[in-house]
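Reproduced below: final-v2.tsv, with TSV, C-alpha atoms.
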chain	number	residue	atom	x	y	z
A	1	MET	CA	-21.75	-6.87	14.54
A	2	LYS	CA	-19.99	-6.06	11.28
A	3	TYR	CA	-16.76	-4.08	11.03
A	4	LEU	CA	-15.70	-1.88	8.12
A	5	LEU	CA	-12.12	-0.60	8.11
A	6	VAL	CA	-11.71	2.13	5.48
A	7	VAL	CA	-8.04	2.91	4.82
A	8	LEU	CA	-7.51	6.06	2.77
A	9	ASP	CA	-3.91	5.53	1.76
A	10	GLY	CA	-1.79	8.58	2.53
A	11	ALA	CA	-4.85	10.78	3.10
A	12	GLY	CA	-3.29	12.55	6.08
A	13	ASP	CA	-1.01	15.45	5.19
A	14	ARG	CA	1.01	18.36	6.56
A	15	GLY	CA	0.81	22.13	6.40
A	16	ASP	CA	-2.09	24.57	6.49
A	17	ASN	CA	-5.36	23.79	4.73
A	18	THR	CA	-4.66	20.11	4.20
A	19	PRO	CA	-6.81	18.20	1.70
A	20	LEU	CA	-8.77	16.65	4.59
A	21	GLN	CA	-9.47	20.13	5.96
A	22	VAL	CA	-10.41	21.66	2.61
A	23	ALA	CA	-12.49	18.80	1.21
A	24	HIS	CA	-16.28	18.91	1.61
A	25	LYS	CA	-16.93	15.51	3.19
A	26	PRO	CA	-20.21	15.57	5.13
A	27	ASN	CA	-20.46	11.80	5.43
A	28	ILE	CA	-17.03	11.20	6.92
A	29	ASP	CA	-17.52	14.23	9.17
A	30	SER	CA	-20.84	12.78	10.34
A	31	LEU	CA	-18.95	9.68	11.47
A	32	SER	CA	-16.62	11.91	13.47
A	33	ALA	CA	-19.56	13.73	15.07
A	34	ALA	CA	-21.14	10.40	16.05
A	35	GLY	CA	-17.99	8.55	17.08
A	36	LYS	CA	-14.64	8.56	18.80
A	37	ASN	CA	-11.73	10.34	17.15
A	38	GLY	CA	-8.03	10.75	17.67
A	39	LEU	CA	-4.54	10.13	16.42
A	40	LEU	CA	-3.15	6.66	15.79
A	41	ASP	CA	0.55	5.88	16.12
A	42	LEU	CA	1.54	3.22	13.62
A	43	GLY	CA	4.95	2.74	15.16
A	44	TYR	CA	7.06	3.73	12.17
A	45	ARG	CA	10.69	4.31	13.06
A	46	LYS	CA	12.84	4.67	9.93
A	47	GLU	CA	11.00	3.39	6.87
A	48	VAL	CA	7.31	4.07	6.29
A	49	ASN	CA	5.98	1.09	4.36
A	50	SER	CA	2.30	0.61	3.61
A	51	ASP	CA	2.30	-3.16	4.12
A	52	VAL	CA	3.57	-2.69	7.66
A	53	GLY	CA	0.89	-0.03	8.12
A	54	TYR	CA	-1.91	-2.34	6.97
A	55	LEU	CA	-0.68	-5.20	9.15
A	56	THR	CA	-0.52	-2.83	12.11
A	57	LEU	CA	-4.03	-1.49	11.50
A	58	LEU	CA	-5.25	-5.08	11.37
A	59	SER	CA	-3.45	-5.66	14.69
A	60	CYS	CA	-1.39	-8.42	13.09
A	61	TYR	CA	2.09	-6.94	12.71
A	62	SER	CA	4.99	-8.85	14.24
A	63	LYS	CA	8.58	-7.96	13.43
A	64	GLY	CA	9.59	-11.59	13.87
A	65	GLU	CA	6.94	-12.89	11.46
A	66	TYR	CA	7.09	-10.08	8.92
A	67	PRO	CA	8.09	-11.62	5.55
A	68	GLY	CA	9.20	-8.42	3.80
A	69	ARG	CA	7.43	-6.30	1.21
A	70	GLY	CA	8.65	-8.42	-1.68
A	71	TYR	CA	6.81	-11.50	-0.42
A	72	ILE	CA	3.66	-9.49	0.31
A	73	GLU	CA	3.69	-8.07	-3.25
A	74	ALA	CA	4.17	-11.56	-4.70
A	75	LEU	CA	1.07	-12.77	-2.88
A	76	GLY	CA	-0.74	-9.73	-4.23
A	77	VAL	CA	-0.17	-10.80	-7.85
A	78	ASN	CA	-1.21	-14.41	-7.05
A	79	ILE	CA	2.28	-15.89	-6.89
A	80	LEU	CA	2.78	-18.47	-4.13
A	81	PRO	CA	6.55	-18.38	-3.53
A	82	GLY	CA	8.38	-21.38	-2.19
A	83	LYS	CA	10.23	-21.44	1.11
A	84	ASN	CA	13.61	-20.55	-0.41
A	85	ASP	CA	12.45	-18.20	-3.17
A	86	LEU	CA	13.63	-14.61	-3.13
A	87	CYS	CA	10.80	-12.12	-3.64
A	88	ILE	CA	11.45	-8.58	-4.84
A	89	ARG	CA	9.24	-5.55	-5.12
A	90	GLY	CA	10.69	-3.25	-7.76
A	91	ASN	CA	10.04	-0.33	-10.06
A	92	PHE	CA	10.33	0.15	-13.77
A	93	ALA	CA	12.57	3.20	-13.92
A	94	THR	CA	14.41	5.46	-16.37
A	95	LEU	CA	18.16	5.77	-16.94
A	96	ASP	CA	19.53	8.66	-18.95
A	97	SER	CA	22.24	8.29	-21.62
A	98	SER	CA	24.95	8.60	-18.95
A	99	GLY	CA	23.54	5.76	-16.86
A	100	ASN	CA	22.13	8.04	-14.18
A	101	VAL	CA	18.69	7.48	-12.68
A	102	LYS	CA	16.43	10.05	-14.34
A	103	ASP	CA	13.06	8.93	-12.94
A	104	ARG	CA	12.53	6.26	-10.29
A	105	ARG	CA	9.03	5.49	-11.56
A	106	ALA	CA	9.47	5.86	-15.33
A	107	GLY	CA	7.11	8.83	-15.30
A	108	ARG	CA	4.32	6.80	-13.69
A	109	ASP	CA	3.37	5.91	-17.27
A	110	GLU	CA	1.93	2.39	-17.57
A	111	THR	CA	2.22	2.25	-21.37
A	112	GLY	CA	3.63	-1.11	-22.41
A	113	LEU	CA	4.79	-2.17	-18.95
A	114	ARG	CA	2.94	-5.47	-18.98
A	115	GLY	CA	4.66	-6.43	-22.22
A	116	LEU	CA	8.04	-5.29	-20.94
A	117	ALA	CA	7.64	-7.50	-17.87
A	118	GLU	CA	6.83	-10.42	-20.15
A	119	LYS	CA	10.12	-9.84	-21.98
A	120	LEU	CA	11.99	-10.37	-18.72
A	121	ASP	CA	9.83	-13.21	-17.42
A	122	GLY	CA	11.49	-16.62	-17.58
A	123	MET	CA	15.08	-15.32	-17.56
A	124	GLU	CA	17.61	-17.77	-16.11
A	125	ILE	CA	21.00	-16.82	-14.67
A	126	ASP	CA	23.48	-19.21	-13.03
A	127	GLY	CA	20.77	-21.77	-12.29
A	128	VAL	CA	18.32	-19.20	-10.92
A	129	GLY	CA	15.00	-18.70	-12.71
A	130	PHE	CA	13.08	-15.44	-12.63
A	131	THR	CA	9.33	-14.86	-12.63
A	132	VAL	CA	8.54	-11.24	-13.55
A	133	ILE	CA	5.05	-9.71	-13.38
A	134	ASN	CA	3.96	-6.10	-13.79
A	135	SER	CA	2.11	-5.13	-10.62
A	136	THR	CA	0.15	-1.94	-9.92
A	137	GLY	CA	1.26	1.03	-12.05
A	138	HIS	CA	5.04	1.26	-12.50
A	139	ARG	CA	5.70	-1.52	-10.02
A	140	VAL	CA	7.04	-4.96	-10.82
A	141	VAL	CA	7.22	-8.19	-8.82
A	142	ILE	CA	10.21	-10.47	-9.33
A	143	VAL	CA	10.55	-13.93	-7.79
A	144	ALA	CA	13.92	-15.65	-8.06
A	145	SER	CA	13.94	-19.43	-7.63
A	146	GLY	CA	17.03	-21.57	-7.27
A	147	PRO	CA	19.59	-22.92	-4.81
A	148	GLY	CA	21.71	-20.78	-2.55
A	149	LEU	CA	19.61	-17.60	-2.49
A	150	SER	CA	19.79	-15.25	0.48
A	151	GLY	CA	17.68	-12.32	1.58
A	152	SER	CA	20.71	-10.57	3.07
A	153	VAL	CA	21.18	-8.15	0.20
A	154	MET	CA	20.81	-4.38	-0.11
A	155	PRO	CA	18.54	-3.23	-2.99
A	156	ASN	CA	19.84	-1.00	-5.78
A	157	ASP	CA	17.27	1.80	-5.43
A	158	PRO	CA	19.24	5.02	-4.75
A	159	MET	CA	16.05	6.75	-3.52
A	160	LYS	CA	17.00	9.85	-5.55
A	161	THR	CA	17.61	10.91	-9.14
A	162	GLY	CA	20.64	12.27	-10.94
A	163	VAL	CA	22.96	9.57	-9.60
A	164	PRO	CA	24.35	6.38	-11.16
A	165	LEU	CA	22.36	3.18	-10.71
A	166	PRO	CA	23.98	1.39	-7.74
A	167	GLN	CA	24.90	-2.28	-7.60
A	168	VAL	CA	23.10	-4.72	-5.34
A	169	THR	CA	25.35	-5.18	-2.31
A	170	VAL	CA	25.50	-7.74	0.50
A	171	LYS	CA	24.85	-7.62	4.23
A	172	ASN	CA	27.04	-10.69	4.78
A	173	THR	CA	29.28	-12.99	2.74
A	174	LYS	CA	26.57	-15.66	2.42
A	175	ALA	CA	24.69	-13.35	0.05
A	176	ARG	CA	27.50	-12.85	-2.49
A	177	PHE	CA	26.00	-15.32	-4.97
A	178	THR	CA	22.57	-13.69	-4.68
A	179	ALA	CA	23.98	-10.21	-5.26
A	180	SER	CA	25.92	-11.44	-8.29
A	181	VAL	CA	22.81	-13.01	-9.82
A	182	LEU	CA	20.68	-9.92	-9.20
A	183	ASN	CA	23.28	-7.58	-10.69
A	184	LYS	CA	23.46	-9.80	-13.77
A	185	PHE	CA	19.67	-9.69	-13.99
A	186	VAL	CA	19.68	-5.87	-13.98
A	187	TYR	CA	22.42	-5.77	-16.63
A	188	ARG	CA	20.48	-8.10	-18.93
A	189	ALA	CA	17.20	-6.33	-18.22
A	190	ASN	CA	18.74	-3.00	-19.22
A	191	LYS	CA	19.87	-4.43	-22.55
A	192	ILE	CA	16.51	-6.07	-23.27
A	193	LEU	CA	14.40	-3.07	-22.24
A	194	SER	CA	16.49	-0.54	-24.17
A	195	ARG	CA	15.79	-2.42	-27.41
A	196	GLU	CA	12.02	-2.57	-27.00
A	197	PRO	CA	10.12	-0.38	-29.53
A	198	VAL	CA	7.50	0.65	-26.94
A	199	ASN	CA	10.15	2.65	-25.12
A	200	ARG	CA	10.53	4.91	-28.13
A	201	ARG	CA	6.83	5.80	-27.84
A	202	ARG	CA	6.89	6.56	-24.14
A	203	LYS	CA	7.63	10.02	-22.74
A	204	LEU	CA	10.20	8.39	-20.48
A	205	PRO	CA	11.60	4.95	-21.35
A	206	ALA	CA	11.18	2.16	-18.83
A	207	ASN	CA	14.71	0.94	-19.44
A	208	THR	CA	15.83	-0.39	-16.06
A	209	ILE	CA	14.63	-2.11	-12.90
A	210	LEU	CA	15.08	-0.74	-9.39
A	211	PHE	CA	14.97	-3.35	-6.64
A	212	ARG	CA	13.21	-1.74	-3.69
A	213	ASN	CA	12.22	-4.39	-1.13
A	214	ILE	CA	13.29	-7.98	-0.55
A	215	GLY	CA	11.24	-10.71	1.11
A	216	MET	CA	11.02	-14.43	1.73
A	217	LYS	CA	8.17	-16.66	2.82
A	218	ARG	CA	7.13	-16.73	6.48
A	219	GLU	CA	4.06	-18.03	8.27
A	220	THR	CA	1.74	-16.14	10.60
A	221	GLU	CA	-1.56	-16.75	12.36
A	222	GLY	CA	-4.57	-15.89	10.24
A	223	PHE	CA	-6.90	-12.97	10.99
A	224	GLU	CA	-9.91	-15.16	11.76
A	225	ASP	CA	-7.86	-17.43	14.03
A	226	ARG	CA	-6.68	-14.39	15.99
A	227	PHE	CA	-9.97	-12.55	16.40
A	228	GLY	CA	-12.79	-14.94	15.49
A	229	LEU	CA	-13.86	-12.69	12.61
A	230	SER	CA	-14.17	-13.79	9.02
A	231	GLY	CA	-12.33	-11.23	6.88
A	232	CYS	CA	-12.35	-9.89	3.34
A	233	CYS	CA	-10.35	-7.26	1.47
A	234	VAL	CA	-11.58	-4.88	-1.24
A	235	ALA	CA	-8.58	-3.18	-2.86
A	236	GLY	CA	-7.08	-2.18	-6.17
A	237	VAL	CA	-3.40	-2.30	-5.19
A	238	ASN	CA	-1.58	-5.58	-4.87
A	239	VAL	CA	0.20	-4.74	-1.63
A	240	ALA	CA	-3.13	-4.50	0.21
A	241	ARG	CA	-4.34	-7.68	-1.43
A	242	GLY	CA	-1.08	-9.38	-0.51
A	243	VAL	CA	-1.43	-8.41	3.15
A	244	ALA	CA	-4.94	-9.89	3.15
A	245	ARG	CA	-3.71	-13.16	1.64
A	246	PHE	CA	-0.82	-13.30	4.13
A	247	LEU	CA	-3.49	-13.21	6.88
A	248	ASP	CA	-5.72	-15.77	5.12
A	249	MET	CA	-8.39	-13.17	4.43
A	250	ASP	CA	-10.42	-13.49	1.24
A	251	VAL	CA	-9.84	-10.96	-1.53
A	252	MET	CA	-12.76	-9.72	-3.59
A	253	GLU	CA	-12.10	-9.15	-7.29
A	254	VAL	CA	-13.50	-5.77	-8.33
A	255	LYS	CA	-13.71	-4.74	-11.98
A	256	GLY	CA	-12.32	-1.26	-12.49
A	257	ALA	CA	-10.39	-1.14	-9.19
A	258	THR	CA	-7.06	0.24	-10.39
A	259	GLY	CA	-5.46	1.69	-7.28
A	260	ARG	CA	-5.17	5.03	-9.10
A	261	PRO	CA	-7.34	8.16	-8.97
A	262	ASP	CA	-9.28	6.74	-11.94
A	263	THR	CA	-10.36	3.71	-9.87
A	264	ASP	CA	-14.06	2.81	-10.06
A	265	LEU	CA	-15.17	3.91	-6.60
A	266	ALA	CA	-18.78	2.93	-7.29
A	267	SER	CA	-17.72	-0.66	-8.06
A	268	LYS	CA	-15.67	-0.76	-4.87
A	269	ARG	CA	-18.64	0.58	-2.91
A	270	ARG	CA	-20.92	-2.15	-4.33
A	271	ALA	CA	-18.31	-4.83	-3.64
A	272	THR	CA	-17.96	-3.61	-0.06
A	273	ALA	CA	-21.72	-3.72	0.50
A	274	LYS	CA	-21.76	-7.28	-0.83
A	275	ALA	CA	-18.81	-8.28	1.34
A	276	LEU	CA	-20.46	-6.91	4.48
A	277	LYS	CA	-23.34	-9.33	3.98
A	278	LYS	CA	-20.99	-12.33	3.98
A	279	TYR	CA	-18.03	-11.39	6.19
A	280	ASP	CA	-17.65	-10.06	9.72
A	281	PHE	CA	-14.75	-7.72	8.90
A	282	VAL	CA	-14.13	-5.86	5.63
A	283	PHE	CA	-10.86	-4.08	4.87
A	284	LEU	CA	-11.61	-1.44	2.20
A	285	HIS	CA	-8.48	0.16	0.81
A	286	ILE	CA	-8.44	3.25	-1.44
A	287	ASN	CA	-5.11	4.37	-2.90
A	288	GLY	CA	-5.75	7.43	-5.07
A	289	THR	CA	-5.17	9.83	-2.18
A	290	ASP	CA	-1.58	8.59	-1.90
A	291	THR	CA	-0.92	8.79	-5.65
A	292	LEU	CA	-2.17	12.37	-5.91
A	293	ALA	CA	-0.08	13.39	-2.91
A	294	HIS	CA	3.05	11.88	-4.47
A	295	ASP	CA	2.27	13.95	-7.56
A	296	ARG	CA	2.10	17.02	-5.28
A	297	ASN	CA	-1.46	17.52	-6.50
A	298	ARG	CA	-2.91	18.99	-3.32
A	299	SER	CA	-6.18	20.23	-4.81
A	300	GLY	CA	-6.68	16.97	-6.69
A	301	LYS	CA	-6.25	15.05	-3.46
A	302	ALA	CA	-9.01	17.13	-1.84
A	303	VAL	CA	-11.34	16.56	-4.81
A	304	PHE	CA	-10.70	12.81	-4.67
A	305	ILE	CA	-11.52	12.77	-0.95
A	306	GLU	CA	-14.85	14.39	-1.83
A	307	LYS	CA	-15.52	11.60	-4.35
A	308	ILE	CA	-14.74	9.01	-1.70
A	309	ASP	CA	-17.09	10.74	0.72
A	310	ARG	CA	-19.97	10.63	-1.75
A	311	GLU	CA	-19.54	6.89	-2.32
A	312	LEU	CA	-19.17	6.24	1.40
A	313	GLY	CA	-22.42	8.12	1.95
A	314	LYS	CA	-24.19	5.86	-0.55
A	315	LEU	CA	-22.69	2.82	1.17
A	316	MET	CA	-23.91	4.03	4.57
A	317	GLU	CA	-27.43	4.45	3.17
A	318	GLY	CA	-27.50	0.81	2.08
A	319	ILE	CA	-26.20	-0.95	5.21
A	320	ASN	CA	-27.54	-1.41	8.73
A	321	LEU	CA	-25.62	1.20	10.71
A	322	GLU	CA	-26.94	-0.18	14.00
A	323	GLU	CA	-25.03	-3.39	13.30
A	324	THR	CA	-21.93	-1.93	11.61
A	325	CYS	CA	-18.88	-0.35	13.20
A	326	ILE	CA	-17.12	1.93	10.71
A	327	VAL	CA	-13.48	2.98	11.04
A	328	VAL	CA	-11.87	5.57	8.75
A	329	THR	CA	-8.13	6.15	8.94
A	330	CYS	CA	-4.85	6.10	6.94
A	331	ASP	CA	-1.79	3.88	6.79
A	332	HIS	CA	0.50	6.94	6.87
A	333	ARG	CA	0.47	10.60	5.89
A	334	THR	CA	1.68	11.54	2.42
A	335	VAL	CA	2.76	15.17	2.03
A	336	SER	CA	1.34	16.95	-1.01
A	337	LEU	CA	3.05	20.29	-0.39
A	338	PRO	CA	5.03	21.61	-3.39
A	339	LEU	CA	8.73	20.84	-3.62
A	340	SER	CA	9.51	24.46	-2.82
A	341	GLU	CA	7.97	23.91	0.65
A	342	TYR	CA	8.72	20.24	1.32
A	343	LYS	CA	11.54	18.33	-0.39
A	344	ASP	CA	11.79	15.24	1.81
A	345	TYR	CA	10.32	11.84	0.92
A	346	GLU	CA	6.57	12.26	0.98
A	347	HIS	CA	5.62	9.51	3.48
A	348	THR	CA	5.93	10.69	7.09
A	349	ARG	CA	5.96	8.98	10.49
A	350	ASP	CA	3.32	11.30	11.96
A	351	PRO	CA	0.37	9.68	13.76
A	352	VAL	CA	-2.67	9.46	11.50
A	353	PRO	CA	-6.25	10.62	12.07
A	354	ILE	CA	-8.82	7.98	12.95
A	355	VAL	CA	-12.53	7.84	13.67
A	356	ILE	CA	-14.47	4.88	15.09
A	357	SER	CA	-18.23	5.15	14.79
A	358	GLY	CA	-21.03	2.73	15.51
A	359	ASP	CA	-24.16	2.10	17.54
A	360	GLY	CA	-23.43	2.32	21.26
A	361	ILE	CA	-20.05	4.03	20.84
A	362	LYS	CA	-20.10	7.18	22.94
A	363	PRO	CA	-19.06	10.20	20.83
A	364	ASP	CA	-16.47	12.76	21.85
A	365	GLU	CA	-16.46	16.48	21.05
A	366	VAL	CA	-14.92	16.22	17.55
A	367	LYS	CA	-17.16	17.24	14.65
A	368	ALA	CA	-14.82	16.94	11.64
A	369	PHE	CA	-12.31	14.41	10.36
A	370	ASP	CA	-8.95	16.05	9.73
A	371	GLU	CA	-5.46	16.19	11.19
A	372	GLN	CA	-6.18	19.13	13.53
A	373	SER	CA	-9.75	18.44	14.59
A	374	VAL	CA	-9.10	14.88	15.78
A	375	LYS	CA	-6.44	16.10	18.20
A	376	ARG	CA	-9.32	17.04	20.52
A	377	GLY	CA	-10.64	13.49	20.39
A	378	SER	CA	-10.64	10.74	23.00
A	379	LEU	CA	-8.43	8.25	21.16
A	380	LYS	CA	-4.66	8.18	21.56
A	381	MET	CA	-3.46	4.72	20.70
A	382	SER	CA	-1.08	2.53	18.75
A	383	GLY	CA	-2.19	0.76	15.60
A	384	THR	CA	-1.74	-2.72	17.02
A	385	GLU	CA	-4.51	-1.98	19.55
A	386	LEU	CA	-7.17	-1.21	16.95
A	387	VAL	CA	-8.98	-4.52	16.39
A	388	PRO	CA	-9.03	-5.48	20.10
A	389	LEU	CA	-10.39	-2.00	20.84
A	390	LEU	CA	-13.15	-2.43	18.28
A	391	LEU	CA	-14.17	-5.71	19.87
A	392	MET	CA	-14.19	-4.08	23.30
A	393	LEU	CA	-16.16	-1.02	22.19
A	394	THR	CA	-18.80	-3.20	20.53
A	395	LYS	CA	-18.70	-5.79	23.32
A	396	LYS	CA	-17.89	-8.57	20.86
A	397	ARG	CA	-15.64	-9.97	23.58

Structure encoded using structure tokens:
Amino acid sequence: MKYLLVVLDGAGDRGDNTPLQVAHKPNIDSLSAAGKNGLLDLGYRKEVNSDVGYLTLLSCYSKGEYPGRGYIEALGVNILPGKNDLCIRGNFATLDSSGNVKDRRAGRDETGLRGLAEKLDGMEIDGVGFTVINSTGHRVVIVASGPGLSGSVMPNDPMKTGVPLPQVTVKNTKARFTASVLNKFVYRANKILSREPVNRRRKLPANTILFRNIGMKRETEGFEDRFGLSGCCVAGVNVARGVARFLDMDVMEVKGATGRPDTDLASKRRATAKALKKYDFVFLHINGTDTLAHDRNRSGKAVFIEKIDRELGKLMEGINLEETCIVVTCDHRTVSLPLSEYKDYEHTRDPVPIVISGDGIKPDEVKAFDEQSVKRGSLKMSGTELVPLLLMLTKKR
């Protein structure tokens, strides 16, 4: 038996006529008609972070072994941090002339960001060296290496605009040196970035760095060791790739997989078909649904879901469905309602829709895959139960 986990990042939504409800998606709906459906609780309490969502969907999340988003992102860009390195997931962002945060993502404009990261790479402050790599889109990965570093710091992301850029602060006195070094890094980065000619060509300058998530290396049991399934990841975003590497799953390189709505879905479909021939379990991640929701592009999100459905249909035509269990779900919901209707942070803690379909899996009464329809389904479960449930439903164990 093969297993395909399709994670449509942020595809779930809120309000009437959600993108999943509006989109014409006959192939995904056919999975719902032939399978078990329901709502999946991913266990979010305060923060809704995709890496925690992926680990939970893979039934591998442990609070005690979780290394932090920064470490996951570092693995995603092929950095192998040392035991005492401090790993940071950050954003290129925009400060206005008064030093207030104007845009936390520098307009989501990728122009020149790789070169700007290179300008910061190799910086050294008080005996601490910095590795800086532009990740997916506006994101940046920073790894600080040196003695005396602590993860007990509070990032400087204010999570809103129109306010001054905060300082990095400490959770305890042992982190004072780390906070000092990171604040000096931001100060120097601001000076370097503000002088770069590319920022005069951008609509919004990428003239500062927001630290968002901190992490340090930890070990965990690999996916195959846990479940006896060889695993592979097909993804365009580094956080999904990093989660796979954290679990010792292979990562397939896919040309044209960007993690944005312009990602090459056909290439990802072909890569997935190839992976299913070699591996027992394939984690296919698609991110454009989340990006469009963050942009409050509700209709665009629906259109992108239709594109995904067409490629999934082609994939289903080319694989042995009698020997493949297909799961479609999300890592969280991302609200695409306009600001006039919904002003909170777009990720929500709501349970997400899920369908599990495969030969021998008894279907329930649900005929369509969306937030409302799946409520009538037979599945009500937590994310950590997913992989064991798949093995039970397919009698793998």

Using only C-alpha atoms, which residues of stretch 56-118 of chain A come within 10 Å of stretch 247-264 of chain A, and what is the closest atom pair for each, with the distance in Å to one decimal? Give it as CSV, sorted by chain and residue number.
residue,atom,partner,partner_atom,distance
A:Leu58,CA,A:Leu247,CA,9.5
A:Cys60,CA,A:Leu247,CA,8.1
A:Gly76,CA,A:Val251,CA,9.6

How would the residues just picked look written out with C-alpha atoms as a CSV table (one decimal), keeping the file's coordinate frame?
chain,number,residue,atom,x,y,z
A,58,LEU,CA,-5.2,-5.1,11.4
A,60,CYS,CA,-1.4,-8.4,13.1
A,76,GLY,CA,-0.7,-9.7,-4.2

Can you pull out the residues contacting A:Cys330? Cut-off 7 Å, using all atoms listed in the file, and skip same-chain residues under 3 positions away; I want them as a count of residues only. 8

Can you list every residue of stretch 269-292 of chain A that has an atom at most 10 Å from stretch 331-344 of chain A, with its nearest atom pair and the distance in Å to one decimal, using all atoms listed in the file, ordered by chain then number, as JSON lines?
{"residue": "A:His285", "atom": "CA", "partner": "A:Asp331", "partner_atom": "CA", "distance": 9.7}
{"residue": "A:Thr289", "atom": "CA", "partner": "A:Thr334", "partner_atom": "CA", "distance": 8.4}
{"residue": "A:Asp290", "atom": "CA", "partner": "A:Thr334", "partner_atom": "CA", "distance": 6.2}
{"residue": "A:Thr291", "atom": "CA", "partner": "A:Thr334", "partner_atom": "CA", "distance": 8.9}
{"residue": "A:Leu292", "atom": "CA", "partner": "A:Ser336", "partner_atom": "CA", "distance": 7.6}

Counting all atoms listed in the file, figure out which residue out of A:Phe283, A:Pro81, A:Gly358, A:Arg69 gets nearest to A:Glu47.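 Under the stated criterion, the closest residue is A:Arg69.
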
Would you compute the box with edges along x, y and z of the file around stretch 311-321 of chain A, including every atom the file lists for it and 4 Å extra on each side, and give its centre and edge lengths in Å to one decimal, as JSON?
{"center_x": -23.4, "center_y": 3.4, "center_z": 4.2, "size_x": 16.4, "size_y": 17.5, "size_z": 21.0}

Between atom CA of A:Val22 and atom CA of A:Gly300, what is the distance, to one decimal in Å? 11.1 Å

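Minimum atom-to-atom distance to A:Ala235, evaluated using all atoms listed in the file, belongs to A:Thr136 out of A:Thr136, A:Gln167, A:Asn213, A:Thr324.
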
Using all atoms listed in the file, determine which residues lie at most 8 Å from A:Thr56, disregarding the query and same-chain residues fewer than 3 positions distant; provide the list as a ChimeraX atom specification. /A:42,52-53,59-61,383-384

Cut-off 7 Å around (-7.5, 13.4, 15.2) with all atoms listed in the file: residues as a PDB file with C-alpha atoms, keeping the file's coordinate frame:
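The result, stored in result-v7.pdb:
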ATOM      1  CA  ASN A  37     -11.730  10.340  17.150  1.00  0.00           C
ATOM      2  CA  GLY A  38      -8.030  10.750  17.670  1.00  0.00           C
ATOM      3  CA  LEU A  39      -4.540  10.130  16.420  1.00  0.00           C
ATOM      4  CA  PRO A 353      -6.250  10.620  12.070  1.00  0.00           C
ATOM      5  CA  ILE A 354      -8.820   7.980  12.950  1.00  0.00           C
ATOM      6  CA  PHE A 369     -12.310  14.410  10.360  1.00  0.00           C
ATOM      7  CA  ASP A 370      -8.950  16.050   9.730  1.00  0.00           C
ATOM      8  CA  GLU A 371      -5.460  16.190  11.190  1.00  0.00           C
ATOM      9  CA  GLN A 372      -6.180  19.130  13.530  1.00  0.00           C
ATOM     10  CA  SER A 373      -9.750  18.440  14.590  1.00  0.00           C
ATOM     11  CA  VAL A 374      -9.100  14.880  15.780  1.00  0.00           C
ATOM     12  CA  LYS A 375      -6.440  16.100  18.200  1.00  0.00           C
ATOM     13  CA  ARG A 376      -9.320  17.040  20.520  1.00  0.00           C
ATOM     14  CA  GLY A 377     -10.640  13.490  20.390  1.00  0.00           C
TER      15      GLY A 377
END

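You can rank A:Cys87, A:Ala368, A:Val168, A:Leu31 by their closest distance to A:Ile326 using only C-alpha atoms, and at the top of that list sits A:Leu31.
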
Just checking: using only C-alpha atoms, which residue out of A:Ser152, A:Asp280, A:Met216, A:Lys160 ends up closest to A:Tyr345?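 Smallest distance to A:Tyr345 is found for A:Lys160.
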
Can you list, as a ChimeraX atom specification, every protein, DNA or RNA residue that comes within 7 Å of stretch 306-318 of chain A when you count only C-alpha atoms, leaving out same-chain residues fewer than 4 positions away? /A:23-25,27-28,265-266,269,273,302

Using all atoms listed in the file, which residue out of A:Asn100, A:Thr111, A:Thr131, A:Ser180 lies closest to A:Pro166? A:Asn100

Calculate how many Å separate atom CA of A:Gly228 from atom CA of A:Val327, rounding to one decimal. 18.5 Å

Considering only C-alpha atoms, can you say which of A:Leu204, A:Leu284, A:Ala179, A:Ile125 comes closest to A:Gly107?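 Comparing A:Leu204, A:Leu284, A:Ala179, A:Ile125 against A:Gly107, the winner is A:Leu204.
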
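Reported to one decimal place, the separation of atom CA of A:Gly288 from atom CA of A:Gly236 is 9.8 Å.
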
Compile the contact shell of A:Met154 as a list in words: residues with an atom at most 12 Å away, counting all atoms listed in the file, same-chain residues fewer than 3 positions apart removed.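 In the requested format, the answer is Ile88, Ser150, Gly151, Asp157, Pro158, Pro166, Gln167, Val168, Thr169, Val170, Lys171, Asn172, Ala175, Arg176, Thr178, Ala179, Ser180, Leu182, Asn183, Leu210, Phe211, Arg212, Asn213, Ile214 and Gly215 of chain A.
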
If we count only C-alpha atoms, what is near A:Ala106 at a cut-off of 10 Å, once residues fewer than 6 positions away on the same chain are taken out, given as a list in words? Asn91, Phe92, Ala93, Thr94, Leu95, Leu113, His138, Arg139, Arg202, Lys203, Leu204, Pro205, Ala206, Asn207, Thr208 and Ile209 of chain A

Taking (-3.1, -11.7, 5.2) in the file's own coordinates, collect the residues within 9 Å, counting all atoms listed in the file, and hand them back as a ChimeraX atom specification. /A:55,60,72,220-223,240-250
